[in-house]
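Here the structure comes first, spelled out in C-alpha coordinates, and everything after it is commentary.
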Amino acid sequence: NAGVTQTPKFRILKIGQSMTLQCTQDMNHNYMYWYRQDPGMGLKLIYYSVGAGITDKGEVPNGYNVSRSTTEDFPLRLELAAPSQTSVYFCASSGSTITYEQYFGPGTRLTVT
Amino acid sequence: GNSVTQMEGPVTLSEEAFLTINCTYTATGYPSLFWYVQYPGEGLQLLLKATKADDKGSNKGFEATYRKETTSFHLEKGSVQVSDSAVYFCALSEAGRRALTFGSGTRLQVQP
(Lines give C-alpha, C1' and ligand atoms only; values in the text may rest on other atoms or scores of the structure.)
Protein backbone atom coordinates (compact mmCIF):
# COMPACT_ATOMS: atom_id res chain seq x y z
CA ASN A 1 0.00 0.00 0.00
CA ALA A 2 2.37 2.72 -1.28
CA GLY A 3 -0.04 5.69 -1.39
CA VAL A 4 1.73 8.72 -2.85
CA THR A 5 5.41 8.33 -3.73
CA GLN A 6 7.86 11.04 -4.76
CA THR A 7 11.35 10.96 -6.19
CA PRO A 8 13.98 12.12 -5.57
CA LYS A 9 14.05 12.79 -1.82
CA PHE A 10 16.80 15.40 -2.10
CA ARG A 11 18.35 17.32 -4.97
CA ILE A 12 20.80 20.17 -5.40
CA LEU A 13 20.58 22.17 -8.62
CA LYS A 14 22.72 24.93 -10.03
CA ILE A 15 21.03 28.13 -11.18
CA GLY A 16 19.67 27.68 -14.69
CA GLN A 17 19.48 23.89 -14.60
CA SER A 18 16.23 22.00 -15.13
CA MET A 19 14.76 18.93 -13.49
CA THR A 20 11.58 16.92 -13.12
CA LEU A 21 10.10 15.92 -9.77
CA GLN A 22 8.21 12.66 -10.03
CA CYS A 23 4.94 11.85 -8.27
CA THR A 24 2.93 8.64 -8.45
CA GLN A 25 -0.19 7.53 -6.59
CA ASP A 26 -1.74 4.07 -6.49
CA MET A 27 -5.14 4.98 -5.03
CA ASN A 28 -6.84 5.67 -8.38
CA HIS A 29 -7.46 9.27 -7.30
CA ASN A 30 -8.61 11.71 -9.95
CA TYR A 31 -7.23 14.81 -8.24
CA MET A 32 -3.54 15.52 -7.81
CA TYR A 33 -1.68 18.56 -6.51
CA TRP A 34 1.76 20.05 -6.18
CA TYR A 35 2.61 22.27 -3.21
CA ARG A 36 5.75 23.98 -2.06
CA GLN A 37 6.63 24.59 1.57
CA ASP A 38 9.07 27.34 2.41
CA PRO A 39 10.74 27.40 5.85
CA GLY A 40 8.30 28.40 8.61
CA MET A 41 5.46 28.76 6.14
CA GLY A 42 2.37 26.85 5.17
CA LEU A 43 2.00 25.05 1.88
CA LYS A 44 1.29 26.97 -1.29
CA LEU A 45 -0.39 25.37 -4.31
CA ILE A 46 1.67 25.35 -7.51
CA TYR A 47 -0.48 23.32 -9.92
CA TYR A 48 -3.28 20.83 -9.71
CA SER A 49 -5.02 18.32 -11.95
CA VAL A 50 -8.59 17.06 -11.96
CA GLY A 51 -7.85 14.08 -14.18
CA ALA A 52 -5.63 12.78 -16.95
CA GLY A 53 -5.04 15.49 -19.55
CA ILE A 54 -6.42 18.33 -17.38
CA THR A 55 -4.22 20.67 -15.35
CA ASP A 56 -4.58 24.17 -13.94
CA LYS A 57 -2.50 26.79 -12.18
CA GLY A 58 -2.52 27.30 -8.46
CA GLU A 59 -1.24 30.18 -6.36
CA VAL A 60 2.45 30.15 -7.37
CA PRO A 61 2.84 28.55 -10.85
CA ASN A 62 5.61 30.74 -12.30
CA GLY A 63 8.76 28.80 -13.18
CA TYR A 64 7.01 25.41 -13.19
CA ASN A 65 5.18 23.18 -15.63
CA VAL A 66 3.13 20.02 -15.22
CA SER A 67 1.58 17.30 -17.31
CA ARG A 68 -0.87 14.51 -16.52
CA SER A 69 -0.84 11.77 -19.12
CA THR A 70 -2.07 9.03 -16.77
CA THR A 71 -4.21 8.87 -13.63
CA GLU A 72 -1.23 7.67 -11.58
CA ASP A 73 1.51 10.16 -12.50
CA PHE A 74 1.79 13.92 -12.10
CA PRO A 75 5.37 15.14 -12.73
CA LEU A 76 6.46 18.70 -11.95
CA ARG A 77 9.01 20.31 -14.24
CA LEU A 78 11.34 23.12 -13.15
CA GLU A 79 12.84 25.07 -16.02
CA LEU A 80 15.79 27.42 -15.46
CA ALA A 81 16.05 26.86 -11.71
CA ALA A 82 16.40 29.94 -9.51
CA PRO A 83 17.37 30.29 -5.81
CA SER A 84 13.78 31.34 -5.07
CA GLN A 85 12.73 27.79 -5.94
CA THR A 86 14.68 26.36 -3.01
CA SER A 87 11.91 24.67 -1.04
CA VAL A 88 10.35 21.37 -0.06
CA TYR A 89 7.89 20.10 -2.66
CA PHE A 90 4.94 17.93 -1.77
CA CYS A 91 2.68 16.02 -4.09
CA ALA A 92 -0.82 15.08 -2.92
CA SER A 93 -3.89 13.33 -4.25
CA SER A 94 -7.56 13.13 -3.38
CA GLY A 95 -10.47 11.01 -4.48
CA SER A 96 -14.02 12.01 -5.32
CA THR A 97 -15.26 12.42 -1.77
CA ILE A 98 -17.25 15.28 -0.40
CA THR A 99 -14.64 16.26 2.15
CA TYR A 100 -11.75 16.55 -0.34
CA GLU A 101 -9.18 15.26 2.14
CA GLN A 102 -5.76 14.92 0.58
CA TYR A 103 -3.03 12.33 0.93
CA PHE A 104 0.55 13.56 0.80
CA GLY A 105 3.83 12.13 -0.38
CA PRO A 106 7.01 12.36 1.74
CA GLY A 107 8.33 15.41 -0.12
CA THR A 108 11.37 16.41 -2.19
CA ARG A 109 13.85 18.83 -0.65
CA LEU A 110 15.33 20.98 -3.43
CA THR A 111 18.20 23.43 -3.07
CA VAL A 112 19.16 25.77 -5.90
CA THR A 113 22.61 27.38 -5.57
CA GLY B 1 -10.13 34.96 -0.80
CA ASN B 2 -9.81 32.15 1.71
CA SER B 3 -7.26 32.30 4.50
CA VAL B 4 -6.28 30.40 7.64
CA THR B 5 -4.56 31.94 10.64
CA GLN B 6 -2.82 29.85 13.29
CA MET B 7 -1.10 30.78 16.50
CA GLU B 8 2.63 31.14 16.14
CA GLY B 9 4.95 28.60 17.63
CA PRO B 10 6.86 26.97 18.91
CA VAL B 11 4.57 25.74 21.64
CA THR B 12 6.60 23.99 24.33
CA LEU B 13 4.80 21.80 26.85
CA SER B 14 5.68 19.20 29.43
CA GLU B 15 4.39 15.66 28.99
CA GLU B 16 0.76 15.24 30.15
CA ALA B 17 0.01 18.96 29.78
CA PHE B 18 -3.14 20.24 28.07
CA LEU B 19 -2.73 21.45 24.50
CA THR B 20 -4.62 24.12 22.59
CA ILE B 21 -3.55 25.37 19.16
CA ASN B 22 -5.76 28.17 17.88
CA CYS B 23 -6.99 28.31 14.29
CA THR B 24 -9.35 30.81 12.70
CA TYR B 25 -10.41 31.00 9.09
CA THR B 26 -11.89 33.28 6.46
CA ALA B 27 -13.97 31.76 3.69
CA THR B 28 -16.76 32.93 1.44
CA GLY B 29 -18.73 29.68 1.58
CA TYR B 30 -19.06 26.71 3.91
CA PRO B 31 -15.67 25.04 3.99
CA SER B 32 -14.54 21.68 5.30
CA LEU B 33 -11.85 22.06 7.97
CA PHE B 34 -8.83 19.91 8.62
CA TRP B 35 -5.88 19.47 10.93
CA TYR B 36 -2.80 17.90 9.39
CA VAL B 37 0.32 16.83 11.29
CA GLN B 38 3.87 16.73 9.95
CA TYR B 39 6.43 14.68 11.85
CA PRO B 40 10.12 15.50 11.30
CA GLY B 41 11.29 14.55 7.82
CA GLU B 42 7.88 13.31 6.72
CA GLY B 43 4.94 14.48 4.63
CA LEU B 44 1.65 15.72 6.01
CA GLN B 45 -0.84 13.28 7.49
CA LEU B 46 -4.51 13.99 8.04
CA LEU B 47 -5.17 14.14 11.79
CA LEU B 48 -8.87 15.01 11.87
CA LYS B 49 -11.57 16.80 9.92
CA ALA B 50 -15.01 18.40 10.22
CA THR B 51 -17.36 19.16 7.36
CA LYS B 52 -20.10 21.33 8.86
CA ALA B 53 -20.82 23.67 11.74
CA ASP B 54 -20.73 22.11 15.23
CA ASP B 55 -19.10 18.92 13.94
CA LYS B 56 -16.34 17.63 16.19
CA GLY B 57 -13.42 15.86 14.59
CA SER B 58 -11.34 13.54 16.76
CA ASN B 59 -8.41 11.17 16.40
CA LYS B 60 -5.60 9.86 18.64
CA GLY B 61 -6.88 11.92 21.59
CA PHE B 62 -6.95 15.16 19.58
CA GLU B 63 -10.22 17.03 19.08
CA ALA B 64 -11.42 20.12 17.22
CA THR B 65 -14.91 21.60 16.89
CA TYR B 66 -16.10 23.53 13.83
CA ARG B 67 -17.40 26.84 15.21
CA LYS B 68 -19.09 28.83 12.47
CA GLU B 69 -20.05 31.74 14.73
CA THR B 70 -16.40 32.39 15.66
CA THR B 71 -14.93 30.97 12.40
CA SER B 72 -12.61 28.81 14.47
CA PHE B 73 -11.33 25.23 14.58
CA HIS B 74 -9.03 25.03 17.60
CA LEU B 75 -7.06 21.83 18.18
CA GLU B 76 -7.04 20.36 21.70
CA LYS B 77 -5.58 17.38 23.49
CA GLY B 78 -5.99 16.63 27.16
CA SER B 79 -2.59 15.06 27.81
CA VAL B 80 0.25 15.38 25.31
CA GLN B 81 3.08 12.91 24.87
CA VAL B 82 6.64 13.35 23.64
CA SER B 83 5.57 11.49 20.48
CA ASP B 84 3.13 14.33 19.68
CA SER B 85 6.05 16.64 18.92
CA ALA B 86 5.46 17.76 15.33
CA VAL B 87 4.21 20.66 13.22
CA TYR B 88 0.43 21.02 13.08
CA PHE B 89 -1.34 22.67 10.14
CA CYS B 90 -4.88 23.90 10.03
CA ALA B 91 -6.44 23.90 6.55
CA LEU B 92 -9.71 24.40 4.75
CA SER B 93 -11.26 23.38 1.47
CA GLU B 94 -14.25 25.09 0.02
CA ALA B 95 -17.05 23.33 -1.81
CA GLY B 96 -16.31 23.29 -5.52
CA ARG B 97 -12.65 24.09 -5.01
CA ARG B 98 -10.65 21.07 -3.99
CA ALA B 99 -7.29 22.64 -3.28
CA LEU B 100 -6.51 23.19 0.38
CA THR B 101 -5.68 26.54 1.94
CA PHE B 102 -3.17 26.06 4.76
CA GLY B 103 -2.20 28.03 7.80
CA SER B 104 1.49 28.62 8.43
CA GLY B 105 1.79 25.74 10.88
CA THR B 106 2.48 25.55 14.61
CA ARG B 107 5.45 23.61 15.93
CA LEU B 108 4.74 21.65 19.12
CA GLN B 109 7.61 20.49 21.32
CA VAL B 110 6.75 18.18 24.20
CA GLN B 111 9.41 17.68 26.86
CA PRO B 112 9.61 14.60 29.08
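Labels for the C-alpha coordinates follow display order: chains A, B, ..., residues from 1 in each chain, ligands from 1.
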Expected answer as a CSV table (one decimal) with N, CA, C and O atoms, in the first residue's frame: chain A residues within 12 Å of chain B, only C-alpha atoms:
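Once everything was written out, this is part-v1.csv:
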```csv
chain,number,residue,atom,x,y,z
A,3,GLY,N,0.5,4.4,-1.5
A,3,GLY,CA,0.0,5.7,-1.4
A,3,GLY,C,0.5,6.6,-2.4
A,3,GLY,O,0.5,6.4,-3.6
A,4,VAL,N,1.1,7.7,-2.0
A,4,VAL,CA,1.7,8.7,-2.9
A,4,VAL,C,3.3,8.6,-2.7
A,4,VAL,O,3.7,8.7,-1.6
A,5,THR,N,4.0,8.4,-3.8
A,5,THR,CA,5.4,8.3,-3.7
A,5,THR,C,6.0,9.5,-4.6
A,5,THR,O,5.4,9.9,-5.6
A,6,GLN,N,7.2,10.0,-4.1
A,6,GLN,CA,7.9,11.0,-4.8
A,6,GLN,C,9.3,10.7,-4.9
A,6,GLN,O,9.9,10.1,-4.0
A,9,LYS,N,14.3,12.2,-3.2
A,9,LYS,CA,14.0,12.8,-1.8
A,9,LYS,C,14.8,14.1,-1.6
A,9,LYS,O,14.3,15.0,-1.0
A,10,PHE,N,16.0,14.2,-2.2
A,10,PHE,CA,16.8,15.4,-2.1
A,10,PHE,C,17.4,15.7,-3.5
A,10,PHE,O,17.7,14.8,-4.2
A,30,ASN,N,-8.5,10.8,-8.8
A,30,ASN,CA,-8.6,11.7,-10.0
A,30,ASN,C,-7.8,13.0,-9.7
A,30,ASN,O,-7.2,13.5,-10.7
A,31,TYR,N,-7.8,13.5,-8.5
A,31,TYR,CA,-7.2,14.8,-8.2
A,31,TYR,C,-5.8,14.7,-7.7
A,31,TYR,O,-5.6,13.9,-6.8
A,32,MET,N,-4.9,15.5,-8.3
A,32,MET,CA,-3.5,15.5,-7.8
A,32,MET,C,-3.1,17.0,-7.7
A,32,MET,O,-3.6,17.8,-8.5
A,33,TYR,N,-2.1,17.2,-6.8
A,33,TYR,CA,-1.7,18.6,-6.5
A,33,TYR,C,-0.2,18.6,-6.3
A,33,TYR,O,0.4,17.6,-5.8
A,34,TRP,N,0.4,19.8,-6.6
A,34,TRP,CA,1.8,20.1,-6.2
A,34,TRP,C,1.8,21.3,-5.3
A,34,TRP,O,1.2,22.3,-5.7
A,35,TYR,N,2.4,21.2,-4.1
A,35,TYR,CA,2.6,22.3,-3.2
A,35,TYR,C,4.1,22.5,-3.0
A,35,TYR,O,4.9,21.6,-3.1
A,36,ARG,N,4.4,23.7,-2.6
A,36,ARG,CA,5.8,24.0,-2.1
A,36,ARG,C,5.6,24.5,-0.6
A,36,ARG,O,4.6,25.2,-0.3
A,37,GLN,N,6.6,24.2,0.2
A,37,GLN,CA,6.6,24.6,1.6
A,37,GLN,C,7.9,25.3,1.9
A,37,GLN,O,9.0,24.6,1.9
A,38,ASP,N,7.9,26.6,2.1
A,38,ASP,CA,9.1,27.3,2.4
A,38,ASP,C,9.2,27.3,3.9
A,38,ASP,O,8.3,27.2,4.7
A,39,PRO,N,10.5,27.5,4.4
A,39,PRO,CA,10.7,27.4,5.9
A,39,PRO,C,9.8,28.3,6.7
A,39,PRO,O,9.6,29.5,6.4
A,40,GLY,N,9.2,27.7,7.7
A,40,GLY,CA,8.3,28.4,8.6
A,40,GLY,C,7.0,28.8,8.0
A,40,GLY,O,6.2,29.6,8.6
A,41,MET,N,6.7,28.3,6.8
A,41,MET,CA,5.5,28.8,6.1
A,41,MET,C,4.5,27.6,5.9
A,41,MET,O,5.0,26.4,6.0
A,42,GLY,N,3.3,27.9,5.6
A,42,GLY,CA,2.4,26.9,5.2
A,42,GLY,C,2.7,26.4,3.7
A,42,GLY,O,3.6,26.9,3.1
A,43,LEU,N,1.8,25.5,3.2
A,43,LEU,CA,2.0,25.1,1.9
A,43,LEU,C,1.3,26.0,0.9
A,43,LEU,O,0.2,26.4,1.2
A,44,LYS,N,1.9,26.2,-0.2
A,44,LYS,CA,1.3,27.0,-1.3
A,44,LYS,C,1.1,26.1,-2.5
A,44,LYS,O,2.0,25.4,-2.9
A,45,LEU,N,-0.1,26.2,-3.2
A,45,LEU,CA,-0.4,25.4,-4.3
A,45,LEU,C,0.3,25.9,-5.6
A,45,LEU,O,0.2,27.1,-5.9
A,46,ILE,N,1.0,25.0,-6.3
A,46,ILE,CA,1.7,25.3,-7.5
A,46,ILE,C,0.8,25.0,-8.7
A,46,ILE,O,0.5,25.9,-9.5
A,47,TYR,N,0.4,23.8,-8.9
A,47,TYR,CA,-0.5,23.3,-9.9
A,47,TYR,C,-1.4,22.2,-9.4
A,47,TYR,O,-1.0,21.6,-8.4
A,48,TYR,N,-2.5,22.0,-10.0
A,48,TYR,CA,-3.3,20.8,-9.7
A,48,TYR,C,-3.9,20.2,-11.0
A,48,TYR,O,-3.9,20.8,-12.1
A,49,SER,N,-4.4,19.0,-10.8
A,49,SER,CA,-5.0,18.3,-12.0
A,49,SER,C,-6.3,17.6,-11.5
A,49,SER,O,-6.3,17.0,-10.4
A,50,VAL,N,-7.3,17.7,-12.3
A,50,VAL,CA,-8.6,17.1,-12.0
A,50,VAL,C,-8.8,15.7,-12.7
A,50,VAL,O,-9.8,15.1,-12.5
A,56,ASP,N,-4.3,22.7,-14.1
A,56,ASP,CA,-4.6,24.2,-13.9
A,56,ASP,C,-3.6,24.8,-12.9
A,56,ASP,O,-3.1,24.1,-12.1
A,57,LYS,N,-3.4,26.1,-13.0
A,57,LYS,CA,-2.5,26.8,-12.2
A,57,LYS,C,-3.1,27.0,-10.8
A,57,LYS,O,-4.3,27.2,-10.6
A,58,GLY,N,-2.2,27.0,-9.8
A,58,GLY,CA,-2.5,27.3,-8.5
A,58,GLY,C,-2.1,28.7,-8.1
A,58,GLY,O,-2.1,29.6,-9.0
A,59,GLU,N,-1.6,28.9,-6.9
A,59,GLU,CA,-1.2,30.2,-6.4
A,59,GLU,C,0.1,30.7,-6.9
A,59,GLU,O,0.3,31.9,-7.1
A,88,VAL,N,10.7,22.8,-0.1
A,88,VAL,CA,10.3,21.4,-0.1
A,88,VAL,C,9.1,21.2,-0.9
A,88,VAL,O,8.1,22.0,-0.6
A,89,TYR,N,9.0,20.3,-1.8
A,89,TYR,CA,7.9,20.1,-2.7
A,89,TYR,C,7.1,18.9,-2.3
A,89,TYR,O,7.7,17.8,-2.1
A,90,PHE,N,5.8,19.0,-2.1
A,90,PHE,CA,4.9,17.9,-1.8
A,90,PHE,C,3.9,17.7,-2.9
A,90,PHE,O,3.3,18.6,-3.4
A,91,CYS,N,3.7,16.5,-3.2
A,91,CYS,CA,2.7,16.0,-4.1
A,91,CYS,C,1.6,15.4,-3.2
A,91,CYS,O,1.8,14.8,-2.2
A,92,ALA,N,0.3,15.6,-3.7
A,92,ALA,CA,-0.8,15.1,-2.9
A,92,ALA,C,-1.9,14.6,-3.9
A,92,ALA,O,-1.9,15.0,-5.1
A,93,SER,N,-2.8,13.8,-3.4
A,93,SER,CA,-3.9,13.3,-4.3
A,93,SER,C,-5.2,13.2,-3.4
A,93,SER,O,-5.1,13.2,-2.2
A,94,SER,N,-6.3,13.3,-4.1
A,94,SER,CA,-7.6,13.1,-3.4
A,94,SER,C,-8.6,12.5,-4.3
A,94,SER,O,-8.5,12.6,-5.5
A,95,GLY,N,-9.5,11.7,-3.7
A,95,GLY,CA,-10.5,11.0,-4.5
A,95,GLY,C,-11.7,11.8,-4.6
A,95,GLY,O,-11.8,13.0,-4.2
A,96,SER,N,-12.8,11.3,-5.1
A,96,SER,CA,-14.0,12.0,-5.3
A,96,SER,C,-14.9,11.9,-4.1
A,96,SER,O,-16.0,11.3,-4.1
A,97,THR,N,-14.5,12.4,-3.0
A,97,THR,CA,-15.3,12.4,-1.8
A,97,THR,C,-15.7,13.8,-1.4
A,97,THR,O,-15.0,14.8,-1.8
A,98,ILE,N,-16.7,14.0,-0.7
A,98,ILE,CA,-17.3,15.3,-0.4
A,98,ILE,C,-16.3,16.1,0.4
A,98,ILE,O,-16.4,17.4,0.4
A,99,THR,N,-15.5,15.5,1.2
A,99,THR,CA,-14.6,16.3,2.1
A,99,THR,C,-13.3,16.7,1.5
A,99,THR,O,-12.6,17.5,2.1
A,100,TYR,N,-13.0,16.1,0.4
A,100,TYR,CA,-11.7,16.5,-0.3
A,100,TYR,C,-10.5,16.4,0.5
A,100,TYR,O,-9.5,17.1,0.2
A,101,GLU,N,-10.4,15.4,1.4
A,101,GLU,CA,-9.2,15.3,2.1
A,101,GLU,C,-8.1,14.8,1.2
A,101,GLU,O,-8.3,14.0,0.3
A,102,GLN,N,-6.9,15.2,1.5
A,102,GLN,CA,-5.8,14.9,0.6
A,102,GLN,C,-4.7,14.0,1.3
A,102,GLN,O,-4.6,14.1,2.5
A,103,TYR,N,-4.1,13.2,0.5
A,103,TYR,CA,-3.0,12.3,0.9
A,103,TYR,C,-1.7,12.8,0.3
A,103,TYR,O,-1.6,13.0,-0.9
A,104,PHE,N,-0.7,12.9,1.2
A,104,PHE,CA,0.6,13.6,0.8
A,104,PHE,C,1.7,12.5,0.6
A,104,PHE,O,1.7,11.6,1.4
A,105,GLY,N,2.6,12.8,-0.3
A,105,GLY,CA,3.8,12.1,-0.4
A,105,GLY,C,4.8,12.6,0.6
A,105,GLY,O,4.6,13.6,1.3
A,106,PRO,N,6.0,12.0,0.7
A,106,PRO,CA,7.0,12.4,1.7
A,106,PRO,C,7.8,13.6,1.4
A,106,PRO,O,8.5,14.1,2.3
A,107,GLY,N,7.7,14.1,0.2
A,107,GLY,CA,8.3,15.4,-0.1
A,107,GLY,C,9.7,15.2,-0.8
A,107,GLY,O,10.3,14.2,-0.7
A,108,THR,N,10.0,16.3,-1.6
A,108,THR,CA,11.4,16.4,-2.2
A,108,THR,C,12.0,17.7,-1.7
A,108,THR,O,11.4,18.8,-1.9
A,109,ARG,N,13.2,17.6,-1.1
A,109,ARG,CA,13.9,18.8,-0.6
A,109,ARG,C,14.8,19.3,-1.8
A,109,ARG,O,15.7,18.6,-2.1
```
(message) One number please: CA of Tyr25 in chain B to CA of Met7 in chain B, in Å, one decimal.
(response) 11.9 Å
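Distance-wise, CA of Cys23 in chain B and CA of Thr71 in chain B end up 8.6 Å apart.
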